[in-house]
$ cat model_20.cif   # mmCIF, C-alpha atoms and all ligand atoms; chains and numbers go by the auth columns
data_protein
loop_
_atom_site.group_PDB
_atom_site.id
_atom_site.type_symbol
_atom_site.label_atom_id
_atom_site.label_comp_id
_atom_site.label_asym_id
_atom_site.label_seq_id
_atom_site.Cartn_x
_atom_site.Cartn_y
_atom_site.Cartn_z
_atom_site.B_iso_or_equiv
_atom_site.auth_seq_id
_atom_site.auth_asym_id
ATOM 1 C CA MET A 1 9.485 18.009 -26.101 0.00 1 U
ATOM 2 C CA ALA A 2 9.028 14.764 -24.192 0.00 2 U
ATOM 3 C CA THR A 3 11.964 12.346 -24.050 0.00 3 U
ATOM 4 C CA THR A 4 12.336 8.571 -23.886 0.00 4 U
ATOM 5 C CA GLY A 5 14.020 8.763 -20.448 0.00 5 U
ATOM 6 C CA GLY A 6 11.317 11.119 -19.173 0.00 6 U
ATOM 7 C CA ASN A 7 8.488 8.937 -20.462 0.00 7 U
ATOM 8 C CA LEU A 8 10.015 5.842 -18.826 0.00 8 U
ATOM 9 C CA LEU A 9 10.278 7.683 -15.507 0.00 9 U
ATOM 10 C CA GLN A 10 7.076 9.743 -15.482 0.00 10 U
ATOM 11 C CA ARG A 11 5.219 9.434 -12.179 0.00 11 U
ATOM 12 C CA THR A 12 1.835 7.821 -11.670 0.00 12 U
ATOM 13 C CA ARG A 13 -1.414 9.708 -12.400 0.00 13 U
ATOM 14 C CA CYS A 14 -2.922 8.384 -9.115 0.00 14 U
ATOM 15 C CA VAL A 15 -4.868 11.372 -7.767 0.00 15 U
ATOM 16 C CA TYR A 16 -3.982 10.454 -4.187 0.00 16 U
ATOM 17 C CA PHE A 17 -0.272 10.660 -5.082 0.00 17 U
ATOM 18 C CA ARG A 18 -0.863 14.105 -6.616 0.00 18 U
ATOM 19 C CA ASP A 19 -2.940 15.500 -3.702 0.00 19 U
ATOM 20 C CA THR A 20 -0.584 16.396 -0.850 0.00 20 U
ATOM 21 C CA ALA A 21 -3.503 16.322 1.645 0.00 21 U
ATOM 22 C CA MET A 22 -3.995 12.566 1.041 0.00 22 U
ATOM 23 C CA ALA A 23 -2.195 9.623 2.629 0.00 23 U
ATOM 24 C CA CYS A 24 0.294 8.199 0.119 0.00 24 U
ATOM 25 C CA ASN A 25 3.107 5.758 0.884 0.00 25 U
ATOM 26 C CA LYS A 26 4.829 6.811 -2.321 0.00 26 U
ATOM 27 C CA CYS A 27 5.068 10.473 -1.204 0.00 27 U
ATOM 28 C CA ASP A 28 5.417 9.832 2.509 0.00 28 U
ATOM 29 C CA PRO A 29 6.435 6.231 3.329 0.00 29 U
ATOM 30 C CA GLY A 30 4.383 4.802 6.202 0.00 30 U
ATOM 31 C CA SER A 31 1.501 7.281 5.831 0.00 31 U
ATOM 32 C CA GLY A 32 -0.860 4.750 4.204 0.00 32 U
ATOM 33 C CA CYS A 33 -2.650 4.474 0.851 0.00 33 U
ATOM 34 C CA ALA A 34 -5.896 6.434 0.528 0.00 34 U
ATOM 35 C CA ALA A 35 -6.390 5.053 -2.987 0.00 35 U
ATOM 36 C CA ILE A 36 -7.030 1.467 -1.836 0.00 36 U
ATOM 37 C CA SER A 37 -10.421 2.408 -0.359 0.00 37 U
ATOM 38 C CA GLY A 38 -10.928 5.476 -2.537 0.00 38 U
ATOM 39 C CA PHE A 39 -11.677 6.325 -6.170 0.00 39 U
ATOM 40 C CA ASN A 40 -9.483 3.810 -7.937 0.00 40 U
ATOM 41 C CA ARG A 41 -11.020 2.829 -11.280 0.00 41 U
ATOM 42 C CA THR A 42 -7.892 4.049 -13.124 0.00 42 U
ATOM 43 C CA LEU A 43 -5.429 2.308 -10.848 0.00 43 U
ATOM 44 C CA ALA A 44 -3.629 -1.033 -10.887 0.00 44 U
ATOM 45 C CA ILE A 45 -5.277 -4.447 -10.636 0.00 45 U
ATOM 46 C CA LEU A 46 -2.206 -6.654 -10.985 0.00 46 U
ATOM 47 C CA GLY A 47 1.131 -6.369 -9.206 0.00 47 U
ATOM 48 C CA VAL A 48 -0.231 -4.275 -6.337 0.00 48 U
ATOM 49 C CA SER A 49 0.508 -4.456 -2.611 0.00 49 U
ATOM 50 C CA ASP A 50 -1.160 -3.378 0.646 0.00 50 U
ATOM 51 C CA ALA A 51 1.037 -0.266 0.445 0.00 51 U
ATOM 52 C CA CYS A 52 0.232 0.952 -3.094 0.00 52 U
ATOM 53 C CA ILE A 53 -2.108 0.396 -6.044 0.00 53 U
ATOM 54 C CA ALA A 54 -0.764 3.153 -8.307 0.00 54 U
ATOM 55 C CA SER A 55 -0.425 2.183 -11.966 0.00 55 U
ATOM 56 C CA ASN A 56 2.334 3.086 -14.392 0.00 56 U
ATOM 57 C CA PRO A 57 1.018 5.900 -16.662 0.00 57 U
ATOM 58 C CA SER A 58 3.220 5.330 -19.689 0.00 58 U
ATOM 59 C CA ASP A 59 2.036 3.915 -23.003 0.00 59 U
ATOM 60 C CA MET A 60 5.584 3.565 -24.228 0.00 60 U
ATOM 61 C CA ASN A 61 6.612 1.399 -21.266 0.00 61 U
ATOM 62 C CA VAL A 62 3.968 -1.166 -22.181 0.00 62 U
ATOM 63 C CA ALA A 63 5.136 -1.360 -25.795 0.00 63 U
ATOM 64 C CA LEU A 64 8.828 -1.384 -24.821 0.00 64 U
ATOM 65 C CA THR A 65 8.164 -4.268 -22.434 0.00 65 U
ATOM 66 C CA ALA A 66 6.452 -6.262 -25.161 0.00 66 U
ATOM 67 C CA PHE A 67 9.502 -5.696 -27.388 0.00 67 U
ATOM 68 C CA GLU A 68 11.898 -6.743 -24.576 0.00 68 U
ATOM 69 C CA ALA A 69 13.722 -3.406 -24.475 0.00 69 U
ATOM 70 C CA VAL A 70 17.030 -2.920 -22.664 0.00 70 U
ATOM 71 C CA VAL A 71 17.638 0.275 -20.664 0.00 71 U
ATOM 72 C CA HIS A 72 21.222 1.522 -20.651 0.00 72 U
ATOM 73 C CA ASN A 73 22.301 3.878 -17.924 0.00 73 U
ATOM 74 C CA ILE A 74 25.325 5.527 -16.406 0.00 74 U
ATOM 75 C CA GLN A 75 25.417 4.822 -12.679 0.00 75 U
ATOM 76 C CA GLY A 76 26.634 8.112 -11.250 0.00 76 U
ATOM 77 C CA THR A 77 30.402 7.692 -10.808 0.00 77 U
ATOM 78 C CA ARG A 78 30.055 3.890 -10.510 0.00 78 U
ATOM 79 C CA GLY A 79 30.205 3.011 -14.210 0.00 79 U
ATOM 80 C CA ALA A 80 27.490 1.913 -16.612 0.00 80 U
ATOM 81 C CA ARG A 81 25.064 -0.971 -16.755 0.00 81 U
ATOM 82 C CA SER A 82 22.268 -2.310 -18.922 0.00 82 U
ATOM 83 C CA VAL A 83 19.098 -3.907 -17.557 0.00 83 U
ATOM 84 C CA THR A 84 16.143 -5.497 -19.294 0.00 84 U
ATOM 85 C CA ILE A 85 12.956 -3.492 -18.921 0.00 85 U
ATOM 86 C CA ASP A 86 11.444 -6.387 -16.925 0.00 86 U
ATOM 87 C CA ASP A 87 14.170 -5.831 -14.304 0.00 87 U
ATOM 88 C CA PHE A 88 14.201 -2.039 -14.600 0.00 88 U
ATOM 89 C CA PHE A 89 10.840 -1.437 -12.869 0.00 89 U
ATOM 90 C CA LEU A 90 10.203 -2.571 -9.288 0.00 90 U
ATOM 91 C CA LEU A 91 6.906 -3.790 -7.838 0.00 91 U
ATOM 92 C CA PRO A 92 5.543 -1.617 -5.000 0.00 92 U
ATOM 93 C CA ASP A 93 5.754 -4.279 -2.268 0.00 93 U
ATOM 94 C CA THR A 94 6.511 -2.398 0.993 0.00 94 U
ATOM 95 C CA THR A 95 8.613 0.308 -0.680 0.00 95 U
ATOM 96 C CA PRO A 96 6.365 1.999 -3.288 0.00 96 U
ATOM 97 C CA GLU A 97 8.480 5.137 -3.122 0.00 97 U
ATOM 98 C CA ARG A 98 11.124 3.189 -5.086 0.00 98 U
ATOM 99 C CA GLU A 99 9.898 2.598 -8.664 0.00 99 U
ATOM 100 C CA THR A 100 13.017 1.582 -10.615 0.00 100 U
ATOM 101 C CA VAL A 101 16.494 0.186 -10.026 0.00 101 U
ATOM 102 C CA LEU A 102 17.998 3.628 -10.673 0.00 102 U
ATOM 103 C CA GLU A 103 19.931 5.231 -7.826 0.00 103 U
ATOM 104 C CA PRO A 104 20.333 8.979 -7.232 0.00 104 U
ATOM 105 C CA GLY A 105 22.714 10.418 -9.849 0.00 105 U
ATOM 106 C CA ASP A 106 22.055 7.693 -12.466 0.00 106 U
ATOM 107 C CA LEU A 107 21.333 8.822 -16.023 0.00 107 U
ATOM 108 C CA ILE A 108 19.593 6.828 -18.764 0.00 108 U
ATOM 109 C CA THR A 109 21.669 7.185 -21.930 0.00 109 U
ATOM 110 C CA HIS A 110 19.577 5.168 -24.384 0.00 110 U
ATOM 111 C CA VAL A 111 17.119 2.320 -24.834 0.00 111 U
ATOM 112 C CA THR A 112 17.602 -0.476 -27.350 0.00 112 U
ATOM 113 C CA LEU A 113 15.193 -3.018 -28.777 0.00 113 U
ATOM 114 C CA PRO A 114 16.303 -6.423 -30.028 0.00 114 U
ATOM 115 C CA PRO A 115 15.509 -6.831 -33.720 0.00 115 U
ATOM 116 C CA PRO A 116 12.027 -8.345 -34.110 0.00 116 U
ATOM 117 C CA ALA A 117 11.965 -11.938 -35.275 0.00 117 U
ATOM 118 C CA GLU A 118 10.768 -12.405 -38.820 0.00 118 U
ATOM 119 C CA GLY A 119 7.003 -12.914 -38.878 0.00 119 U
ATOM 120 C CA SER A 120 6.277 -10.989 -35.666 0.00 120 U
ATOM 121 C CA PRO A 121 2.933 -9.219 -35.863 0.00 121 U
ATOM 122 C CA PHE A 122 2.353 -6.756 -33.017 0.00 122 U
ATOM 123 C CA LEU A 123 -0.494 -4.637 -31.695 0.00 123 U
ATOM 124 C CA TYR A 124 -0.974 -1.908 -29.080 0.00 124 U
ATOM 125 C CA LEU A 125 -4.536 -1.305 -27.906 0.00 125 U
ATOM 126 C CA LYS A 126 -5.371 1.665 -25.649 0.00 126 U
ATOM 127 C CA LEU A 127 -8.740 2.305 -24.004 0.00 127 U
ATOM 128 C CA ARG A 128 -9.376 5.770 -22.552 0.00 128 U
ATOM 129 C CA ASP A 129 -12.212 7.927 -21.287 0.00 129 U
ATOM 130 C CA ARG A 130 -11.918 10.540 -24.067 0.00 130 U
ATOM 131 C CA ALA A 131 -10.439 10.608 -27.551 0.00 131 U
ATOM 132 C CA SER A 132 -7.315 12.764 -27.103 0.00 132 U
ATOM 133 C CA TYR A 133 -4.864 14.053 -24.489 0.00 133 U
ATOM 134 C CA GLU A 134 -5.836 11.221 -22.219 0.00 134 U
ATOM 135 C CA PHE A 135 -3.874 8.576 -20.391 0.00 135 U
ATOM 136 C CA ALA A 136 -4.966 4.966 -20.796 0.00 136 U
ATOM 137 C CA LEU A 137 -7.684 3.525 -18.615 0.00 137 U
ATOM 138 C CA ALA A 138 -6.291 0.188 -19.711 0.00 138 U
ATOM 139 C CA SER A 139 -3.983 -0.887 -22.497 0.00 139 U
ATOM 140 C CA ALA A 140 -2.241 -3.958 -23.806 0.00 140 U
ATOM 141 C CA ALA A 141 0.678 -4.682 -26.118 0.00 141 U
ATOM 142 C CA VAL A 142 1.001 -8.034 -27.834 0.00 142 U
ATOM 143 C CA VAL A 143 3.950 -9.335 -29.860 0.00 143 U
ATOM 144 C CA VAL A 144 3.635 -12.747 -31.463 0.00 144 U
ATOM 145 C CA THR A 145 6.227 -14.711 -33.391 0.00 145 U
ATOM 146 C CA VAL A 146 4.788 -17.068 -35.979 0.00 146 U
ATOM 147 C CA THR A 147 7.040 -19.873 -37.177 0.00 147 U
ATOM 148 C CA GLY A 148 5.832 -22.361 -39.759 0.00 148 U
ATOM 149 C CA GLY A 149 2.229 -21.240 -39.294 0.00 149 U
ATOM 150 C CA ARG A 150 2.348 -21.745 -35.496 0.00 150 U
ATOM 151 C CA VAL A 151 2.808 -19.275 -32.635 0.00 151 U
ATOM 152 C CA SER A 152 6.285 -20.012 -31.264 0.00 152 U
ATOM 153 C CA HIS A 153 6.601 -17.055 -28.865 0.00 153 U
ATOM 154 C CA ALA A 154 4.175 -14.490 -27.450 0.00 154 U
ATOM 155 C CA ARG A 155 4.471 -11.574 -25.053 0.00 155 U
ATOM 156 C CA VAL A 156 1.288 -10.015 -23.670 0.00 156 U
ATOM 157 C CA VAL A 157 1.742 -6.890 -21.543 0.00 157 U
ATOM 158 C CA PHE A 158 -0.991 -5.091 -19.582 0.00 158 U
ATOM 159 C CA ARG A 159 -0.981 -1.522 -18.298 0.00 159 U
ATOM 160 C CA ARG A 160 -3.070 -2.029 -15.206 0.00 160 U
ATOM 161 C CA ARG A 161 -0.104 -3.064 -13.165 0.00 161 U
ATOM 162 C CA GLY A 162 1.698 -1.474 -10.241 0.00 162 U
ATOM 163 C CA HIS A 163 4.843 0.463 -11.217 0.00 163 U
ATOM 164 C CA GLU A 164 5.789 -1.485 -14.260 0.00 164 U
ATOM 165 C CA ALA A 165 4.090 -3.054 -17.213 0.00 165 U
ATOM 166 C CA VAL A 166 5.278 -6.630 -17.160 0.00 166 U
ATOM 167 C CA ALA A 167 5.011 -9.526 -19.526 0.00 167 U
ATOM 168 C CA LEU A 168 2.467 -11.948 -18.164 0.00 168 U
ATOM 169 C CA ALA A 169 2.875 -14.578 -20.821 0.00 169 U
ATOM 170 C CA THR A 170 5.987 -15.732 -22.615 0.00 170 U
ATOM 171 C CA SER A 171 5.340 -19.152 -23.972 0.00 171 U
ATOM 172 C CA ALA A 172 5.621 -21.573 -26.801 0.00 172 U
ATOM 173 C CA ALA A 173 2.411 -22.936 -28.274 0.00 173 U
HETATM 174 C C1 LIG B . -1.703 16.400 -21.055 0.00 1 G
HETATM 175 C C2 LIG B . -0.721 15.253 -21.063 0.00 1 G
HETATM 176 C C3 LIG B . -1.133 14.026 -21.543 0.00 1 G
HETATM 177 C C4 LIG B . -0.239 12.969 -21.574 0.00 1 G
HETATM 178 N N1 LIG B . -0.662 11.768 -22.031 0.00 1 G
HETATM 179 C C5 LIG B . 0.173 10.729 -22.036 0.00 1 G
HETATM 180 C C6 LIG B . -0.275 9.462 -22.488 0.00 1 G
HETATM 181 O O1 LIG B . -1.417 9.287 -22.886 0.00 1 G
HETATM 182 N N2 LIG B . 0.620 8.445 -22.480 0.00 1 G
HETATM 183 C C7 LIG B . 1.910 8.594 -22.049 0.00 1 G
HETATM 184 O O2 LIG B . 2.673 7.629 -22.070 0.00 1 G
HETATM 185 N N3 LIG B . 2.362 9.781 -21.607 0.00 1 G
HETATM 186 C C8 LIG B . 1.537 10.842 -21.602 0.00 1 G
HETATM 187 N N4 LIG B . 1.983 12.052 -21.136 0.00 1 G
HETATM 188 C C9 LIG B . 3.366 12.146 -20.615 0.00 1 G
HETATM 189 C C10 LIG B . 4.325 12.845 -21.551 0.00 1 G
HETATM 190 O O3 LIG B . 4.197 12.382 -22.853 0.00 1 G
HETATM 191 C C11 LIG B . 5.814 12.715 -21.142 0.00 1 G
HETATM 192 O O4 LIG B . 6.366 11.511 -21.551 0.00 1 G
HETATM 193 C C12 LIG B . 6.011 12.747 -19.674 0.00 1 G
HETATM 194 O O5 LIG B . 5.334 13.842 -19.091 0.00 1 G
HETATM 195 C C13 LIG B . 7.506 12.888 -19.394 0.00 1 G
HETATM 196 O O6 LIG B . 7.915 14.164 -19.830 0.00 1 G
HETATM 197 P P1 LIG B . 9.411 14.456 -20.200 0.00 1 G
HETATM 198 O O7 LIG B . 9.921 13.553 -21.243 0.00 1 G
HETATM 199 O O8 LIG B . 9.487 15.935 -20.452 0.00 1 G
HETATM 200 O O9 LIG B . 10.208 14.060 -18.881 0.00 1 G
HETATM 201 P P2 LIG B . 10.609 14.971 -17.655 0.00 1 G
HETATM 202 O O10 LIG B . 9.383 15.517 -16.994 0.00 1 G
HETATM 203 O O11 LIG B . 11.684 15.902 -18.087 0.00 1 G
HETATM 204 O O12 LIG B . 11.277 13.857 -16.766 0.00 1 G
HETATM 205 C C14 LIG B . 10.517 12.941 -15.953 0.00 1 G
HETATM 206 C C15 LIG B . 11.465 12.414 -14.884 0.00 1 G
HETATM 207 O O13 LIG B . 12.460 11.602 -15.499 0.00 1 G
HETATM 208 C C16 LIG B . 13.767 12.079 -15.160 0.00 1 G
HETATM 209 N N5 LIG B . 14.587 11.878 -16.363 0.00 1 G
HETATM 210 C C17 LIG B . 14.310 12.355 -17.605 0.00 1 G
HETATM 211 N N6 LIG B . 15.255 11.920 -18.473 0.00 1 G
HETATM 212 C C18 LIG B . 16.112 11.132 -17.762 0.00 1 G
HETATM 213 C C19 LIG B . 17.293 10.388 -18.096 0.00 1 G
HETATM 214 N N7 LIG B . 17.762 10.352 -19.340 0.00 1 G
HETATM 215 N N8 LIG B . 17.914 9.696 -17.100 0.00 1 G
HETATM 216 C C20 LIG B . 17.445 9.743 -15.835 0.00 1 G
HETATM 217 N N9 LIG B . 16.345 10.431 -15.459 0.00 1 G
HETATM 218 C C21 LIG B . 15.697 11.111 -16.412 0.00 1 G
HETATM 219 C C22 LIG B . 13.582 13.547 -14.787 0.00 1 G
HETATM 220 O O14 LIG B . 14.599 13.983 -13.909 0.00 1 G
HETATM 221 C C23 LIG B . 12.217 13.507 -14.106 0.00 1 G
HETATM 222 O O15 LIG B . 12.327 13.093 -12.764 0.00 1 G
HETATM 223 C C24 LIG B . 1.112 13.143 -21.115 0.00 1 G
HETATM 224 C C25 LIG B . 1.508 14.385 -20.624 0.00 1 G
HETATM 225 C C26 LIG B . 0.608 15.436 -20.598 0.00 1 G
HETATM 226 C C27 LIG B . 1.081 16.752 -20.064 0.00 1 G
#

$ encode --input "model_20.cif" --output "structure tokens" --more "lines below"
Ligand SMILES: Cc1cc2nc3c(=O)[nH]c(=O)nc-3n(C[C@H](O)[C@H](O)[C@H](O)COP(=O)(O)OP(=O)(O)OC[C@H]3O[C@@H](n4cnc5c(N)ncnc54)[C@H](O)[C@@H]3O)c2cc1C
Amino acid sequence: MATTGGNLLQRTRCVYFRDTAMACNKCDPGSGCAAISGFNRTLAILGVSDACIASNPSDMNVALTAFEAVVHNIQGTRGARSVTIDDFFLLPDTTPERETVLEPGDLITHVTLPPPAEGSPFLYLKLRDRASYEFALASAAVVVTVTGGRVSHARVVFRRRGHEAVALATSAA
């Protein structure tokens, strides 16, 4: 049975990451990224770096980011802390081998979502190459708060982003 912690932390589906014969900075820092000039139609467009274009594979991460989830974790023997999901995932930059703020020995205990504001329609749209048992080619989660007939807050999250699915728009209209 899959778990929330496991889904948050599942590794990228990038085929160059999964093929040990290929150069991958995530597997072997400094070795290069074969995906950048390779077969990369499933990989990230936004939030990439010269070191890595792997995308985050999780559907749940996209939805949790739209809902502004908070990840609670025990930090080894150093106590506990809570971080917003926006801060939980790290961009690849020059250290793609590091995907989250977790340190060795940390354990996610639970994830909480703030209660949705009244009048908050939401949608998750997933596009994939086949109908079932398939990771997203691209997906988006949208949460909109409507106050007095006007959009007062919106979060739009795309899953074609390196490491994390991040809110690209939080605005009043
Ligand atoms: C055929 C197939 C299709 C799939 N399709 C999709 C899909 O379309 N969309 C999607 O989102 N997912 C998909 N998945 C992923 C799947 O649903 C699981 O979420 C994912 O594989 C993680 O599995 P798990 O929960 O058993 O985690 P595990 O494999 O047990 O854990 C993953 C990692 O997280 C660490 N970990 C787990 N729990 C914690 C914790 N509490 N604290 C700290 N570290 C922790 C583990 O040590 C490990 O390193 C698919 C999987 C398969 C096999």

$ residues_near_ligand --input "model_20.cif" --ligand "ligand LIG 1 (chain G)" --cutoff "10 Å" --atoms "only C-alpha atoms and all ligand atoms" --output "JSON, numbers by chain"
{"U": [1, 2, 3, 4, 5, 6, 7, 8, 9, 10, 11, 13, 56, 57, 58, 59, 60, 61, 62, 72, 73, 74, 75, 102, 103, 104, 105, 106, 107, 108, 109, 110, 111, 126, 128, 132, 133, 134, 135, 136, 137]}

$ write_last_selection --input "model_20.cif" --atoms "C-alpha atoms" --output "short mmCIF file (atom, residue, chain, number, x, y, z; two decimals), keeping the file's coordinate frame"
data_model
loop_
_atom_site.label_atom_id
_atom_site.label_comp_id
_atom_site.auth_asym_id
_atom_site.auth_seq_id
_atom_site.Cartn_x
_atom_site.Cartn_y
_atom_site.Cartn_z
CA MET U 1 9.48 18.01 -26.10
CA ALA U 2 9.03 14.76 -24.19
CA THR U 3 11.96 12.35 -24.05
CA THR U 4 12.34 8.57 -23.89
CA GLY U 5 14.02 8.76 -20.45
CA GLY U 6 11.32 11.12 -19.17
CA ASN U 7 8.49 8.94 -20.46
CA LEU U 8 10.02 5.84 -18.83
CA LEU U 9 10.28 7.68 -15.51
CA GLN U 10 7.08 9.74 -15.48
CA ARG U 11 5.22 9.43 -12.18
CA ARG U 13 -1.41 9.71 -12.40
CA ASN U 56 2.33 3.09 -14.39
CA PRO U 57 1.02 5.90 -16.66
CA SER U 58 3.22 5.33 -19.69
CA ASP U 59 2.04 3.92 -23.00
CA MET U 60 5.58 3.56 -24.23
CA ASN U 61 6.61 1.40 -21.27
CA VAL U 62 3.97 -1.17 -22.18
CA HIS U 72 21.22 1.52 -20.65
CA ASN U 73 22.30 3.88 -17.92
CA ILE U 74 25.32 5.53 -16.41
CA GLN U 75 25.42 4.82 -12.68
CA LEU U 102 18.00 3.63 -10.67
CA GLU U 103 19.93 5.23 -7.83
CA PRO U 104 20.33 8.98 -7.23
CA GLY U 105 22.71 10.42 -9.85
CA ASP U 106 22.06 7.69 -12.47
CA LEU U 107 21.33 8.82 -16.02
CA ILE U 108 19.59 6.83 -18.76
CA THR U 109 21.67 7.18 -21.93
CA HIS U 110 19.58 5.17 -24.38
CA VAL U 111 17.12 2.32 -24.83
CA LYS U 126 -5.37 1.66 -25.65
CA ARG U 128 -9.38 5.77 -22.55
CA SER U 132 -7.32 12.76 -27.10
CA TYR U 133 -4.86 14.05 -24.49
CA GLU U 134 -5.84 11.22 -22.22
CA PHE U 135 -3.87 8.58 -20.39
CA ALA U 136 -4.97 4.97 -20.80
CA LEU U 137 -7.68 3.52 -18.61
#

$ resolve_selection --input "model_20.cif" --expression "the PyMOL selection byres (((chain U and resi 141-152) around 6) and not hetatm)" --output "list in words"
Ala63, Gly119, Ser120, Pro121, Phe122, Leu123, Tyr124, Ala140, His153, Ala154, Arg155, Val156, Val157, Ala172 and Ala173 of chain U

$ closest_residue --input "model_20.cif" --among "U:Arg81, U:Leu113, U:Asn25, U:Ala35" --to "Phe67 in chain U" --atoms "all atoms listed in the file"
U:Leu113

$ closest_residue --input "model_20.cif" --among "U:Cys52, U:Ala131, U:Ala69, U:Leu125" --to "Ser31 in chain U" --atoms "all atoms listed in the file"
U:Cys52

$ atom_distance --input "model_20.cif" --atom1 "CA of Thr20 in chain U" --atom2 "CA of Arg41 in chain U"
20.0 Å

$ resolve_selection --input "model_20.cif" --expression "the PyMOL selection byres (((chain U and resi 44-49) around 8) and not hetatm)" --output "list of chain:residue names"
U:Thr42, U:Leu43, U:Asp50, U:Ala51, U:Cys52, U:Ile53, U:Ala54, U:Ser55, U:Leu91, U:Pro92, U:Asp93, U:Thr94, U:Arg159, U:Arg160, U:Arg161, U:Gly162

$ atom_distance --input "model_20.cif" --atom1 "CA of Phe88 in chain U" --atom2 "CA of Tyr16 in chain U"
24.4 Å

$ atom_distance --input "model_20.cif" --atom1 "CA of Thr12 in chain U" --atom2 "CA of Ile85 in chain U"
17.4 Å

$ closest_residue --input "model_20.cif" --among "U:Cys27, U:Ala138, U:Leu90, U:Val83" --to "Glu68 in chain U" --atoms "all atoms listed in the file"
U:Val83

$ closest_residue --input "model_20.cif" --among "U:Phe158, U:Glu118, U:Ala34, U:Arg98" --to "Asp19 in chain U" --atoms "only C-alpha atoms"
U:Ala34
